[in-house]
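K.L.:
Before I ask anything, let me first share the structure, which is written out below as structure tokens.
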Amino acid sequence: MPEPAQLGSRRSRILGGPRSEGARSTLIAVVSTVVFFGLVVLLVTNAPGWPEVKRSFFSGEQFRESLPDIASAFGLNIRLFLVAEVLILVFALLLAVLRSVPGPVFFPLRLLATAYTDLFRSIPTVLVIYILGFGAPTLQISGLPTSPFFWGVTALVLVYSAYVAEVYRAGIQSVHPSQEAAARSLGLSQPQALRFVILPQAVRRVVPPLLNDFIGLQKDTALVALIGPVEAFRASQIEVAGSFNYTPYLATALLFILLTVPMARFTDWLIARNRRRELAAGGR
Amino acid sequence: MSALTVEGLRKSFGRLEVLRGIDLEVAEHEVVCLIGASGSGKSTFLRCVNLLEPIDAGTIVVAGEEITARGVDVNRVRRRIGIVFQAFNLFPHMSVLANVTLAPRRALRLSRADAEGRAVELLERFGLADKRDEYPDRLSGGQQQRVAIVRALAMRPDLMLLDEVTSALDPELVAEVLNVIRELAAAGMTMVIATHEMAFARDIADRVCFLDEGVILEEGSPDAIFTRPREARTQQFLQRIVEAGRL
């Protein structure tokens with residue numbers, strides 16, 4: 001069997017990766033990147049409508065003026081995201097476990113969990129936010145919170161848990177049945193085997209796809225604006241309404257980019273690290 | 001009292017009947033080797049004895065208790081029966097020590113200190129003391145399989161089932177695992193061993209059973225089976241083994 005290093009170089013030759021041919025390919029990459037983006041910039045800045053776009057989307061003055069307000073509203077997006085994420089991690093794991101419990105007795109549980117994931121993956125997130133945000137408080141049940149933050153988080157948790165549960169479930173199914181057999185053969189009960197042997201391996205494997213879902217969640221916190229709370233997107237709308245200049249939207253986009261890009265890079269890094277580990281373990 | 005009594009054991013997977021009425025009695029401290037071609041039912045038999053596969057008919061009695069009876073707590077039964085698999089099946093996310101102490105701590109509810117004491121003692125006995133903090137993927141196949149045996153022994157089972165434990169190993173690593181099994185036999189462990197290592201079976205077994213198409217076709221002392229097999233199928237099987245240079 002070839003060494004991992006050989007495998008790597010062969011793969012990068014096939015895919016045209018930059019590392020195999022060293023300095024020369026780096027140079028080619030740099031030149032082609034500069035040429036490509038140079039052309040794009042030239043094309044855009046020479047378009048007939050560019051001066052108008054530049055004025056209404058790239059106003060430095062507007063940017064400086066609106067950024068502090070939007071940035072402070074962005075704190076709400078981060079709060080929405082953090083609270084929802086923790087709840088999703090727990091609730092989705094519960095759903096995934098329910099769907100994975102074997103035995104005919106538990107069929108109703110599996111059915112419920114399956115129906116749940118089907119339902120909430122099929123309704124657009126915006127609709128769930130609208131229905132809960134406007135519907136639930138109207139019920140006027142005493143003790144039921146009416147704050148849009150609460151219902152916004154609830155909607156995000158309901159929708160994203162359905163996706164994340166499927167990710168968890170894929171992880172659970174990826175653990176070979178022989179692991180469960182080994183655990184059960186030692187006298188561990190079914191729940192113990194799940195808790196100590198299967199879930200730890202499953203969760204480790206699905207961290208990258210989980211983070212991928214959370215990148216989506218970070219952006220979808222903007223949808224909660226539709227039921228009232230002034231988060232970054234709503235704050236930028238308010239700025240735009242006052243000035244008729246669209247630069248605040250760009251400022252908001254920048255904030256989201258600053259939040260999600262590090263997460264995306266981190267996810268890629270984790271995936272690459274997992275791959276390296278698998279290659280190292282497989283080559284032994 | 002016999003350590004294991006199996007009567008009329010039948011097991012099908014779909015329409016394929018893998019075990020077609022197995023009768024076997026194993027005395028305490030006895031070492032029984034199961035030989036036979038792949039697909040003859042050796043592995044399935046061992047998995048049934050450990051209740052990893054539900055059986056279709058028959059009874060299995062371990063140390064006087066019918067473990068196939070209704071309402072038997074399978075977890076309690078499995079704690080008394082150790083099984084070691086061909087593919088080791090160590091838990092890859094745990095260190096050697098955690099692999100060995102998991103079941104004593106969680107199934108037997110031993111304290112961490114007691115479980116680790118037990119584990120360290122066994123790891124030392126089988127020359128694995130310096131591997132206690134390693135992860136399985138850092139060990140050779142032979143070391144992994146020895147850890148798997150230690151993991152089963154940490155439950156202090158009355159009966160050990162070994163399912164072709166050397167079949168996944170490189171040839172040079174087979175001896176270290178077989179030596180562990182020899183030591184267990186010398187210490188009086190009751191064992192049922194499915195194996196393709198005929199020389200080893202001949203050397204270690206008190207009794208050898210030849211499985212063919214889901215039944216024990218012939219059984220007897222190693223000497224009787226390997227030098228004077230009665231059945232034509234047994235003779236054919238051993239002839240092929242000899243031709244392959246494995247005996």
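The chains in the structure tokens are called A, B, ... from first to last as shown; in each chain the residues are counted from 1, and the ligands are counted from 1 in the order shown.
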Quick one: residues within 7 Å of B:Phe91, only C-alpha atoms, excluding same-chain residues fewer than 2 positions away - as a compact mmCIF listing (two decimals) with C-alpha atoms, in the first residue's frame?

P.N.:
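out-v9.txt, written as the output of this step:
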# COMPACT_ATOMS: atom_id res chain seq x y z
CA GLN A 179 -19.00 -1.69 18.32
CA VAL A 197 -19.55 3.67 23.07
CA ASN B 89 -13.70 -4.44 18.22
CA HIS B 93 -12.18 6.61 21.22
CA MET B 94 -10.88 5.24 24.50
CA ASN B 99 -11.47 0.06 27.21

K.L.:
Give me the residues near stretch 83-100 of chain A as a PyMOL selection string, where near means some atom within 6 Å (using only C-alpha atoms) and where sequence neighbours in that chain fewer than 2 positions away do not count.

P.N.:
chain A and resi 80-81+110+113+153+157+161+164-165+169

K.L.:
Just to be explicit: take each residue in the selection above, keep all heavy atoms, and write the result as an mmCIF file, in the first residue's frame.

P.N.:
data_model
loop_
_atom_site.group_PDB
_atom_site.id
_atom_site.type_symbol
_atom_site.label_atom_id
_atom_site.label_comp_id
_atom_site.auth_asym_id
_atom_site.auth_seq_id
_atom_site.Cartn_x
_atom_site.Cartn_y
_atom_site.Cartn_z
ATOM 1 N N LEU A 80 -29.185 35.459 19.999
ATOM 2 C CA LEU A 80 -30.148 34.514 19.403
ATOM 3 C C LEU A 80 -29.431 33.221 19.008
ATOM 4 O O LEU A 80 -29.880 32.112 19.304
ATOM 5 C CB LEU A 80 -30.774 35.119 18.136
ATOM 6 C CG LEU A 80 -31.908 36.124 18.304
ATOM 7 C CD1 LEU A 80 -32.139 36.876 16.996
ATOM 8 C CD2 LEU A 80 -33.188 35.397 18.723
ATOM 9 N N PHE A 81 -28.288 33.401 18.359
ATOM 10 C CA PHE A 81 -27.535 32.265 17.839
ATOM 11 C C PHE A 81 -27.043 31.367 18.977
ATOM 12 O O PHE A 81 -27.219 30.146 18.938
ATOM 13 C CB PHE A 81 -26.355 32.785 17.009
ATOM 14 C CG PHE A 81 -25.313 31.754 16.723
ATOM 15 C CD1 PHE A 81 -25.583 30.678 15.894
ATOM 16 C CD2 PHE A 81 -24.056 31.858 17.298
ATOM 17 C CE1 PHE A 81 -24.610 29.731 15.632
ATOM 18 C CE2 PHE A 81 -23.093 30.903 17.043
ATOM 19 C CZ PHE A 81 -23.368 29.842 16.210
ATOM 20 N N ARG A 110 -40.301 6.306 17.507
ATOM 21 C CA ARG A 110 -39.588 6.483 16.232
ATOM 22 C C ARG A 110 -40.468 7.211 15.230
ATOM 23 O O ARG A 110 -40.015 8.093 14.516
ATOM 24 C CB ARG A 110 -39.182 5.117 15.661
ATOM 25 C CG ARG A 110 -38.010 4.478 16.376
ATOM 26 C CD ARG A 110 -37.375 3.392 15.524
ATOM 27 N NE ARG A 110 -38.275 2.277 15.258
ATOM 28 C CZ ARG A 110 -38.447 1.240 16.078
ATOM 29 N NH1 ARG A 110 -37.762 1.179 17.191
ATOM 30 N NH2 ARG A 110 -39.280 0.272 15.781
ATOM 31 N N ALA A 113 -40.662 10.940 16.127
ATOM 32 C CA ALA A 113 -39.412 11.634 15.812
ATOM 33 C C ALA A 113 -39.259 11.797 14.299
ATOM 34 O O ALA A 113 -38.817 12.840 13.810
ATOM 35 C CB ALA A 113 -38.215 10.876 16.396
ATOM 36 N N VAL A 153 -36.272 32.405 19.041
ATOM 37 C CA VAL A 153 -35.379 31.304 19.411
ATOM 38 C C VAL A 153 -36.114 29.973 19.264
ATOM 39 O O VAL A 153 -35.586 29.012 18.700
ATOM 40 C CB VAL A 153 -34.845 31.482 20.846
ATOM 41 C CG1 VAL A 153 -34.201 30.192 21.342
ATOM 42 C CG2 VAL A 153 -33.836 32.614 20.905
ATOM 43 N N VAL A 157 -34.969 26.889 16.965
ATOM 44 C CA VAL A 157 -34.659 25.595 17.583
ATOM 45 C C VAL A 157 -35.488 24.484 16.928
ATOM 46 O O VAL A 157 -34.972 23.429 16.579
ATOM 47 C CB VAL A 157 -34.913 25.639 19.107
ATOM 48 C CG1 VAL A 157 -34.857 24.236 19.707
ATOM 49 C CG2 VAL A 157 -33.890 26.540 19.790
ATOM 50 N N SER A 161 -33.324 21.918 14.758
ATOM 51 C CA SER A 161 -33.185 20.619 15.414
ATOM 52 C C SER A 161 -33.510 19.479 14.454
ATOM 53 O O SER A 161 -32.914 18.409 14.528
ATOM 54 C CB SER A 161 -34.098 20.529 16.638
ATOM 55 O OG SER A 161 -33.640 21.420 17.627
ATOM 56 N N VAL A 164 -30.349 19.081 12.382
ATOM 57 C CA VAL A 164 -29.219 18.604 13.191
ATOM 58 C C VAL A 164 -29.466 17.170 13.674
ATOM 59 O O VAL A 164 -28.538 16.368 13.749
ATOM 60 C CB VAL A 164 -28.947 19.579 14.357
ATOM 61 C CG1 VAL A 164 -27.928 19.019 15.323
ATOM 62 C CG2 VAL A 164 -28.463 20.915 13.805
ATOM 63 N N ALA A 165 -30.732 16.832 13.935
ATOM 64 C CA ALA A 165 -31.041 15.456 14.344
ATOM 65 C C ALA A 165 -30.643 14.473 13.257
ATOM 66 O O ALA A 165 -30.120 13.387 13.538
ATOM 67 C CB ALA A 165 -32.535 15.324 14.657
ATOM 68 N N ARG A 169 -28.022 11.493 13.474
ATOM 69 C CA ARG A 169 -28.455 10.136 13.151
ATOM 70 C C ARG A 169 -27.499 9.484 12.149
ATOM 71 O O ARG A 169 -27.164 8.310 12.264
ATOM 72 C CB ARG A 169 -29.877 10.154 12.582
ATOM 73 C CG ARG A 169 -30.556 8.801 12.600
ATOM 74 C CD ARG A 169 -32.031 8.971 12.377
ATOM 75 N NE ARG A 169 -32.315 9.402 11.023
ATOM 76 C CZ ARG A 169 -32.642 8.570 10.029
ATOM 77 N NH1 ARG A 169 -32.724 7.279 10.257
ATOM 78 N NH2 ARG A 169 -32.899 9.025 8.825
#

K.L.:
What residues in chain B have any atom no more than 9 Å from chain A when counting only C-alpha atoms, and can you write them as an MDAnalysis selection string?

P.N.:
chainID B and resid 50:52 74:85 87:94 102:104 106:108 137:138 140 151:152 155

K.L.:
Find the residues near stretch 252-262 of chain A: any atom within 9 Å, counting only C-alpha atoms, skip ones fewer than 4 places away on the same chain, and give them as a list in words.

P.N.:
Leu67, Ile70, Ala71, Phe74, Ile215, Gly216, Gln218, Lys219, Ala232, Phe233, Ala235, Ser236, Thr247, Pro248, Phe266 and Thr267 of chain A

K.L.:
Residues of stretch 25-101 of chain B in helix (DSSP H, G or I) according to DSSP, as a list in words?

P.N.:
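Secondary structure check on stretch 25-101 of chain B, helix (DSSP H, G or I): Lys42, Ser43, Thr44, Phe45, Leu46, Arg47, Cys48, Val49, Val74, Asn75, Arg76, Val77, Arg78, Arg79, Arg80, Val96, Leu97, Ala98, Asn99, Val100 and Thr101 of chain B.
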
K.L.:
For the selection you just gave me, I'd like the residues written to a file as an mmCIF file, in the first residue's frame, keeping N, CA and C atoms.

P.N.:
data_model
loop_
_atom_site.group_PDB
_atom_site.id
_atom_site.type_symbol
_atom_site.label_atom_id
_atom_site.label_comp_id
_atom_site.auth_asym_id
_atom_site.auth_seq_id
_atom_site.Cartn_x
_atom_site.Cartn_y
_atom_site.Cartn_z
ATOM 1 N N LYS B 42 -19.638 -21.733 13.029
ATOM 2 C CA LYS B 42 -18.843 -21.573 14.253
ATOM 3 C C LYS B 42 -19.102 -20.226 14.936
ATOM 4 N N SER B 43 -18.976 -19.146 14.148
ATOM 5 C CA SER B 43 -19.153 -17.807 14.724
ATOM 6 C C SER B 43 -20.578 -17.603 15.212
ATOM 7 N N THR B 44 -21.526 -18.024 14.405
ATOM 8 C CA THR B 44 -22.932 -17.865 14.783
ATOM 9 C C THR B 44 -23.209 -18.596 16.092
ATOM 10 N N PHE B 45 -22.625 -19.793 16.224
ATOM 11 C CA PHE B 45 -22.825 -20.552 17.448
ATOM 12 C C PHE B 45 -22.329 -19.762 18.662
ATOM 13 N N LEU B 46 -21.120 -19.214 18.555
ATOM 14 C CA LEU B 46 -20.571 -18.458 19.688
ATOM 15 C C LEU B 46 -21.415 -17.223 19.992
ATOM 16 N N ARG B 47 -21.865 -16.543 18.939
ATOM 17 C CA ARG B 47 -22.694 -15.347 19.162
ATOM 18 C C ARG B 47 -24.027 -15.715 19.820
ATOM 19 N N CYS B 48 -24.551 -16.901 19.494
ATOM 20 C CA CYS B 48 -25.796 -17.346 20.135
ATOM 21 C C CYS B 48 -25.569 -17.633 21.621
ATOM 22 N N VAL B 49 -24.437 -18.265 21.934
ATOM 23 C CA VAL B 49 -24.161 -18.601 23.331
ATOM 24 C C VAL B 49 -24.047 -17.332 24.170
ATOM 25 N N VAL B 74 -30.371 -10.444 30.120
ATOM 26 C CA VAL B 74 -29.246 -10.752 29.222
ATOM 27 C C VAL B 74 -27.964 -10.047 29.658
ATOM 28 N N ASN B 75 -28.104 -8.843 30.215
ATOM 29 C CA ASN B 75 -26.893 -8.119 30.632
ATOM 30 C C ASN B 75 -26.151 -8.872 31.733
ATOM 31 N N ARG B 76 -26.924 -9.438 32.668
ATOM 32 C CA ARG B 76 -26.314 -10.192 33.762
ATOM 33 C C ARG B 76 -25.636 -11.453 33.208
ATOM 34 N N VAL B 77 -26.314 -12.127 32.262
ATOM 35 C CA VAL B 77 -25.747 -13.342 31.674
ATOM 36 C C VAL B 77 -24.425 -13.035 30.963
ATOM 37 N N ARG B 78 -24.438 -11.946 30.184
ATOM 38 C CA ARG B 78 -23.250 -11.637 29.380
ATOM 39 C C ARG B 78 -22.056 -11.271 30.247
ATOM 40 N N ARG B 79 -22.321 -10.762 31.451
ATOM 41 C CA ARG B 79 -21.202 -10.427 32.336
ATOM 42 C C ARG B 79 -20.408 -11.658 32.731
ATOM 43 N N ARG B 80 -21.048 -12.837 32.671
ATOM 44 C CA ARG B 80 -20.359 -14.072 33.068
ATOM 45 C C ARG B 80 -19.718 -14.775 31.887
ATOM 46 N N VAL B 96 -6.492 2.279 26.224
ATOM 47 C CA VAL B 96 -6.514 0.864 26.597
ATOM 48 C C VAL B 96 -7.145 0.698 27.982
ATOM 49 N N LEU B 97 -6.697 1.518 28.919
ATOM 50 C CA LEU B 97 -7.209 1.387 30.285
ATOM 51 C C LEU B 97 -8.725 1.633 30.329
ATOM 52 N N ALA B 98 -9.192 2.640 29.586
ATOM 53 C CA ALA B 98 -10.631 2.938 29.574
ATOM 54 C C ALA B 98 -11.420 1.807 28.909
ATOM 55 N N ASN B 99 -10.843 1.218 27.848
ATOM 56 C CA ASN B 99 -11.474 0.058 27.214
ATOM 57 C C ASN B 99 -11.700 -1.063 28.223
ATOM 58 N N VAL B 100 -10.661 -1.315 29.028
ATOM 59 C CA VAL B 100 -10.708 -2.457 29.946
ATOM 60 C C VAL B 100 -11.585 -2.170 31.171
ATOM 61 N N THR B 101 -11.645 -0.911 31.595
ATOM 62 C CA THR B 101 -12.391 -0.611 32.828
ATOM 63 C C THR B 101 -13.847 -0.238 32.578
#

K.L.:
Might you pull out every residue within 12 Å of A:Phe58, with only C-alpha atoms counted and same-chain residues fewer than 3 positions away left off, and present them as a list in words?

P.N.:
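The contact residues come out as Trp50, Pro51, Glu52, Val53, Lys54, Arg55, Glu61, Gln62, Phe63, Arg64, Asn245, Tyr246, Thr247, Pro248, Tyr249, Leu250 and Ala251 of chain A.
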
K.L.:
Find the residue from A:Thr117, A:Ser147, A:Ser66, A:Ser174 that sits nearest to A:Ile238; use only C-alpha atoms when measuring.

P.N.:
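Comparing A:Thr117, A:Ser147, A:Ser66, A:Ser174 against A:Ile238, the winner is A:Ser66.
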
K.L.:
Have a look at A:Ile172, A:Phe36, A:Ala73, A:Ala29 and name the one nearest to A:Gln237; count only C-alpha atoms.

P.N.:
A:Ala73

K.L.:
What lies within 12 Å of A:Leu223 using only C-alpha atoms, ignoring chain neighbours under 4 positions off, as a compact mmCIF listing (two decimals) with C-alpha atoms, in the first residue's frame?

P.N.:
# COMPACT_ATOMS: atom_id res chain seq x y z
CA ASN A 77 -28.05 38.11 16.50
CA LEU A 80 -30.15 34.51 19.40
CA PHE A 81 -27.53 32.27 17.84
CA PRO A 124 -39.73 27.30 5.34
CA THR A 125 -38.03 28.81 8.39
CA VAL A 126 -39.67 32.17 7.72
CA LEU A 127 -43.12 30.64 8.01
CA VAL A 128 -42.33 28.94 11.32
CA ILE A 129 -41.05 32.24 12.69
CA TYR A 130 -44.19 34.05 11.50
CA GLY A 133 -44.09 34.87 16.55
CA PRO A 148 -40.40 37.96 20.16
CA PHE A 149 -36.91 36.90 21.30
CA TRP A 151 -40.53 32.87 19.99
CA GLY A 152 -37.73 33.63 17.56
CA VAL A 153 -35.38 31.30 19.41
CA ALA A 155 -38.75 28.77 15.92
CA LEU A 156 -35.04 28.47 15.12
CA GLY A 216 -26.70 28.55 8.33
CA LEU A 217 -28.21 29.23 11.74
CA GLN A 218 -26.04 32.30 12.28
CA LYS A 219 -27.41 33.83 9.09
CA ILE A 227 -41.48 39.47 14.07
CA GLY A 228 -40.07 42.60 15.65
CA PRO A 229 -36.72 42.46 17.44
CA VAL A 230 -34.22 45.01 16.20
CA GLU A 231 -31.27 42.86 15.26
CA ALA A 232 -28.62 43.83 12.73
CA PHE A 233 -30.74 43.43 9.59
CA ARG A 234 -33.68 45.38 11.09

K.L.:
Would you compute the distance between atom CA of B:Ser12 and atom CA of B:Val62? Give it in Å to one decimal.

P.N.:
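Those two atoms sit 22.2 Å apart.
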
K.L.:
Can you list, as an MDAnalysis selection string, all residues belonging to stretch 41-84 of chain B that DSSP tags as strand (DSSP E)?

P.N.:
chainID B and resid 57:62 65:66 81:84

K.L.:
Save out the residues we just selected, N, CA and C atoms, as a PDB file, in the first residue's frame.

P.N.:
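What ended up in selection.pdb:
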ATOM      1  N   ALA B  57     -34.548 -22.086  18.225  1.00  0.00           N
ATOM      2  CA  ALA B  57     -34.987 -23.256  18.993  1.00  0.00           C
ATOM      3  C   ALA B  57     -33.810 -23.789  19.791  1.00  0.00           C
ATOM      4  N   GLY B  58     -34.139 -24.540  20.850  1.00  0.00           N
ATOM      5  CA  GLY B  58     -33.091 -25.155  21.654  1.00  0.00           C
ATOM      6  C   GLY B  58     -32.904 -24.450  22.986  1.00  0.00           C
ATOM      7  N   THR B  59     -31.994 -24.990  23.785  1.00  0.00           N
ATOM      8  CA  THR B  59     -31.723 -24.381  25.088  1.00  0.00           C
ATOM      9  C   THR B  59     -30.215 -24.251  25.288  1.00  0.00           C
ATOM     10  N   ILE B  60     -29.841 -23.196  26.011  1.00  0.00           N
ATOM     11  CA  ILE B  60     -28.444 -22.996  26.392  1.00  0.00           C
ATOM     12  C   ILE B  60     -28.422 -22.845  27.910  1.00  0.00           C
ATOM     13  N   VAL B  61     -27.640 -23.696  28.573  1.00  0.00           N
ATOM     14  CA  VAL B  61     -27.546 -23.649  30.026  1.00  0.00           C
ATOM     15  C   VAL B  61     -26.104 -23.338  30.402  1.00  0.00           C
ATOM     16  N   VAL B  62     -25.909 -22.262  31.178  1.00  0.00           N
ATOM     17  CA  VAL B  62     -24.568 -21.893  31.622  1.00  0.00           C
ATOM     18  C   VAL B  62     -24.498 -22.050  33.131  1.00  0.00           C
ATOM     19  N   GLU B  65     -27.795 -22.488  34.898  1.00  0.00           N
ATOM     20  CA  GLU B  65     -28.892 -21.560  34.632  1.00  0.00           C
ATOM     21  C   GLU B  65     -29.243 -21.551  33.144  1.00  0.00           C
ATOM     22  N   GLU B  66     -30.527 -21.758  32.856  1.00  0.00           N
ATOM     23  CA  GLU B  66     -30.923 -21.710  31.448  1.00  0.00           C
ATOM     24  C   GLU B  66     -31.000 -20.261  31.005  1.00  0.00           C
ATOM     25  N   ILE B  81     -20.020 -14.317  30.687  1.00  0.00           N
ATOM     26  CA  ILE B  81     -19.510 -14.970  29.483  1.00  0.00           C
ATOM     27  C   ILE B  81     -18.693 -13.961  28.687  1.00  0.00           C
ATOM     28  N   GLY B  82     -17.385 -14.182  28.603  1.00  0.00           N
ATOM     29  CA  GLY B  82     -16.559 -13.264  27.816  1.00  0.00           C
ATOM     30  C   GLY B  82     -16.508 -13.715  26.374  1.00  0.00           C
ATOM     31  N   ILE B  83     -16.520 -12.751  25.439  1.00  0.00           N
ATOM     32  CA  ILE B  83     -16.352 -13.132  24.032  1.00  0.00           C
ATOM     33  C   ILE B  83     -15.309 -12.218  23.398  1.00  0.00           C
ATOM     34  N   VAL B  84     -14.454 -12.804  22.579  1.00  0.00           N
ATOM     35  CA  VAL B  84     -13.442 -12.026  21.862  1.00  0.00           C
ATOM     36  C   VAL B  84     -13.661 -12.262  20.375  1.00  0.00           C
TER      37      VAL B  84
END

K.L.:
List the neighbours of B:Leu19 out to 8 Å using only C-alpha atoms; skip same-chain residues closer than 4 positions along the sequence, and give me the result as a short mmCIF file (atom, residue, chain, number, x, y, z; two decimals) with N, CA and C atoms, in the first residue's frame.

P.N.:
data_model
loop_
_atom_site.label_atom_id
_atom_site.label_comp_id
_atom_site.auth_asym_id
_atom_site.auth_seq_id
_atom_site.Cartn_x
_atom_site.Cartn_y
_atom_site.Cartn_z
N LEU B 9 -29.80 -26.55 19.43
CA LEU B 9 -29.75 -25.13 19.06
C LEU B 9 -29.92 -24.94 17.55
N ARG B 10 -30.93 -24.14 17.21
CA ARG B 10 -31.19 -23.83 15.81
C ARG B 10 -31.22 -22.33 15.60
N LYS B 11 -30.67 -21.90 14.47
CA LYS B 11 -30.66 -20.47 14.16
C LYS B 11 -30.69 -20.26 12.66
N SER B 12 -31.64 -19.43 12.20
CA SER B 12 -31.72 -19.11 10.77
C SER B 12 -31.55 -17.62 10.56
N GLY B 41 -20.90 -22.30 10.64
CA GLY B 41 -21.72 -21.92 11.77
C GLY B 41 -20.97 -21.69 13.06
N THR B 44 -21.53 -18.02 14.41
CA THR B 44 -22.93 -17.86 14.78
C THR B 44 -23.21 -18.60 16.09
N PHE B 45 -22.62 -19.79 16.22
CA PHE B 45 -22.82 -20.55 17.45
C PHE B 45 -22.33 -19.76 18.66
N GLU B 213 -22.07 -27.67 7.98
CA GLU B 213 -23.43 -27.30 7.62
C GLU B 213 -24.37 -27.22 8.82
N GLY B 214 -23.89 -26.57 9.87
CA GLY B 214 -24.76 -26.26 10.99
C GLY B 214 -24.97 -27.37 12.00
N VAL B 215 -24.21 -28.45 11.90
CA VAL B 215 -24.28 -29.47 12.95
C VAL B 215 -22.86 -29.88 13.35
#

K.L.:
Please identify all polymer residues within 10 Å of B:Asp203, counting only C-alpha atoms, omitting same-chain residues fewer than 4 positions from it, and present them as a ChimeraX atom specification.

P.N.:
/B:182,197-199,222-223
